[in-house]
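The data block below is coords_36.cif; it holds mmCIF, C-alpha atoms.
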data_upload
loop_
_atom_site.label_atom_id
_atom_site.label_comp_id
_atom_site.auth_asym_id
_atom_site.auth_seq_id
_atom_site.Cartn_x
_atom_site.Cartn_y
_atom_site.Cartn_z
CA MET D 1 -14.57 -10.22 -12.67
CA ARG D 2 -10.98 -10.25 -13.91
CA PHE D 3 -9.39 -7.35 -15.70
CA LYS D 4 -6.95 -7.97 -18.51
CA ARG D 5 -4.03 -5.69 -19.18
CA PRO D 6 -4.71 -3.82 -22.42
CA ASN D 7 -2.17 -4.17 -25.21
CA TRP D 8 -1.43 -0.42 -24.95
CA ALA D 9 -0.45 -0.74 -21.28
CA PHE D 10 3.14 0.44 -21.75
CA SER D 11 2.62 3.03 -24.46
CA GLY D 12 3.13 6.74 -23.95
CA TRP D 13 3.20 7.90 -20.34
CA ARG D 14 2.75 4.35 -19.04
CA ARG D 15 6.25 3.30 -19.97
CA PRO D 16 8.20 2.03 -16.96
CA ALA D 17 10.83 4.79 -17.16
CA VAL D 18 8.19 7.53 -17.23
CA LEU D 19 6.35 5.95 -14.32
CA TRP D 20 9.58 5.56 -12.36
CA TRP D 21 10.62 9.20 -12.83
CA SER D 22 7.08 10.35 -12.01
CA ALA D 23 7.28 8.39 -8.76
CA VAL D 24 10.69 9.88 -7.93
CA ALA D 25 9.39 13.40 -8.54
CA THR D 26 6.34 12.71 -6.38
CA VAL D 27 8.46 11.39 -3.50
CA VAL D 28 10.82 14.37 -3.69
CA LEU D 29 7.91 16.83 -3.71
CA ALA D 30 6.19 15.03 -0.82
CA GLY D 31 9.44 14.97 1.16
CA PHE D 32 9.89 18.70 0.63
CA LEU D 33 6.33 19.45 1.72
CA VAL D 34 6.60 17.24 4.81
CA ALA D 35 10.00 18.67 5.76
CA ARG D 36 8.60 22.22 5.68
CA GLY D 37 6.12 21.34 8.41
CA LEU D 38 8.52 19.59 10.78
CA GLU D 39 9.81 21.08 14.00
CA PRO D 40 13.60 20.57 14.19
CA ALA D 41 13.60 20.14 17.99
CA ALA D 42 10.96 17.40 17.81
CA VAL D 43 12.87 15.60 15.03
CA ARG D 44 16.11 15.73 17.06
CA ALA D 45 14.35 14.38 20.17
CA THR D 46 12.77 11.55 18.18
CA LEU D 47 16.06 10.58 16.52
CA PHE D 48 17.85 10.67 19.87
CA ALA D 49 15.22 8.42 21.45
CA ALA D 50 15.43 5.96 18.54
CA ARG D 51 19.24 5.92 18.68
CA SER D 52 19.36 5.46 22.43
CA ASP D 53 17.23 2.27 22.34
CA PRO D 54 17.21 0.69 18.84
CA LEU D 55 15.93 -2.62 20.18
CA VAL D 56 12.59 -1.08 21.08
CA GLY D 57 12.29 0.56 17.66
CA GLY D 58 13.09 -2.73 15.95
CA ALA D 59 10.55 -4.57 18.09
CA VAL D 60 7.87 -2.00 17.27
CA LEU D 61 8.55 -2.32 13.53
CA ALA D 62 8.53 -6.12 13.74
CA LEU D 63 5.23 -6.14 15.60
CA TYR D 64 3.71 -3.67 13.14
CA GLY D 65 4.77 -5.86 10.22
CA GLY D 66 3.58 -8.96 12.05
CA ALA D 67 0.13 -7.42 12.48
CA PHE D 68 -0.15 -7.08 8.70
CA ALA D 69 1.02 -10.64 8.23
CA LEU D 70 -1.63 -11.87 10.68
CA ARG D 71 -4.37 -9.89 8.94
CA ALA D 72 -3.29 -11.20 5.53
CA GLY D 73 -3.18 -14.75 6.88
CA ALA D 74 -6.66 -14.43 8.36
CA TRP D 75 -8.02 -13.01 5.10
CA SER D 76 -6.38 -15.84 3.13
CA ARG D 77 -7.97 -18.43 5.40
CA LEU D 78 -11.35 -16.76 5.15
CA VAL D 79 -11.16 -16.63 1.33
CA PRO D 80 -9.22 -19.74 0.21
CA GLU D 81 -8.81 -18.50 -3.41
CA LEU D 82 -6.86 -15.49 -2.12
CA PRO D 83 -3.13 -16.26 -1.76
CA PHE D 84 -1.31 -14.79 1.23
CA ARG D 85 0.97 -12.60 -0.90
CA HIS D 86 -1.98 -11.00 -2.70
CA ALA D 87 -3.80 -10.45 0.57
CA LEU D 88 -0.71 -8.76 2.00
CA ALA D 89 -0.32 -6.59 -1.10
CA ALA D 90 -3.98 -5.57 -1.00
CA LEU D 91 -3.67 -4.62 2.68
CA HIS D 92 -0.68 -2.40 1.94
CA VAL D 93 -2.48 -0.74 -0.98
CA SER D 94 -5.39 -0.11 1.37
CA LEU D 95 -3.14 1.36 4.05
CA ALA D 96 -1.40 3.70 1.61
CA ALA D 97 -4.68 4.84 0.09
CA ASN D 98 -6.24 5.45 3.50
CA HIS D 99 -3.38 7.83 4.28
CA VAL D 100 -3.87 9.77 1.07
CA LEU D 101 -7.55 9.54 0.14
CA PRO D 102 -10.52 10.81 2.14
CA PHE D 103 -13.37 8.72 3.58
CA ARG D 104 -11.27 5.55 3.98
CA LEU D 105 -11.46 4.80 0.26
CA GLY D 106 -8.52 2.46 0.75
CA GLU D 107 -10.94 -0.22 1.87
CA ALA D 108 -12.58 -0.13 -1.56
CA LEU D 109 -9.14 -0.34 -3.15
CA ARG D 110 -8.34 -3.39 -1.04
CA VAL D 111 -11.31 -5.22 -2.56
CA THR D 112 -10.48 -3.98 -6.06
CA THR D 113 -6.84 -5.03 -5.77
CA ALA D 114 -7.75 -8.51 -4.54
CA VAL D 115 -10.32 -9.00 -7.33
CA GLN D 116 -7.94 -7.82 -10.06
CA ARG D 117 -5.01 -10.00 -8.96
CA THR D 118 -6.80 -13.24 -8.12
CA PRO D 119 -9.79 -15.35 -9.17
CA VAL D 120 -11.71 -14.18 -6.07
CA SER D 121 -15.18 -12.91 -6.89
CA PHE D 122 -16.17 -9.36 -6.10
CA ALA D 123 -18.90 -10.59 -3.78
CA ALA D 124 -16.54 -12.82 -1.78
CA ALA D 125 -13.89 -10.10 -1.49
CA THR D 126 -16.44 -7.52 -0.39
CA ALA D 127 -18.17 -9.82 2.09
CA SER D 128 -14.86 -10.80 3.66
CA THR D 129 -13.83 -7.19 4.29
CA VAL D 130 -17.03 -5.95 5.94
#

Output the file's structure as structure tokens, nothing else.
Amino acid sequence: MRFKRPNWAFSGWRRPAVLWWSAVATVVLAGFLVARGLEPAAVRATLFAARSDPLVGGAVLALYGGAFALRAGAWSRLVPELPFRHALAALHVSLAANHVLPFRLGEALRVTTAVQRTPVSFAAATASTV
């Protein structure tokens, strides 16, 4: 099932500028809330450790990104109608949603994102994620 963008998609609050400023406000608010709960000594120790050995930090980030690339590649091979870039995008949507939403609802969003962006059927996307 494919969803078409309605012709009112960029009217009112859905205009790109409104969405952009809403996102900026959300990030600023989230940053403020996170910063309130941080312990300054722990932040200093973490920054010092990262600065003292940046190669390890870079390797960790590369491996973390590589794990997503491998998962997206495996999903693309399992479902041939699903391009790699859409599989990678759906995995990142799922990861973000799992951090914010309860009950691992990001997994449902992964299927929804893949179905909306590609000609993959709902059944194939769901079966390939279980």

Quiz prompt | Pick from D:Phe68, D:Phe32, D:Phe122, D:Phe48, whichever lies nearest to D:Ser94 using all atoms listed in the file | solution = D:Phe68

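Each of D:His86, D:Leu91, D:Asn98, D:Val120 was checked against D:Arg71 using all atoms listed in the file; the smallest atom-to-atom distance is that of D:Leu91.
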
Quiz prompt | Point-to-point distance from atom CA of D:Ala114 to atom CA of D:Val27, Å rounded to tenths | solution = 25.7 Å

Exercise. Counting only C-alpha atoms, find the residues whose atoms lie at most 12 Å from (-5.3, -11.8, 3.9) (file coordinates) and write them out as an NGL selection string.
Key: :D and (67-92 or 94 or 110-111 or 113-114 or 125 or 128-129)

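In this model, the gap between atom CA of D:Gly106 and atom CA of D:Ala127 comes to 15.7 Å.
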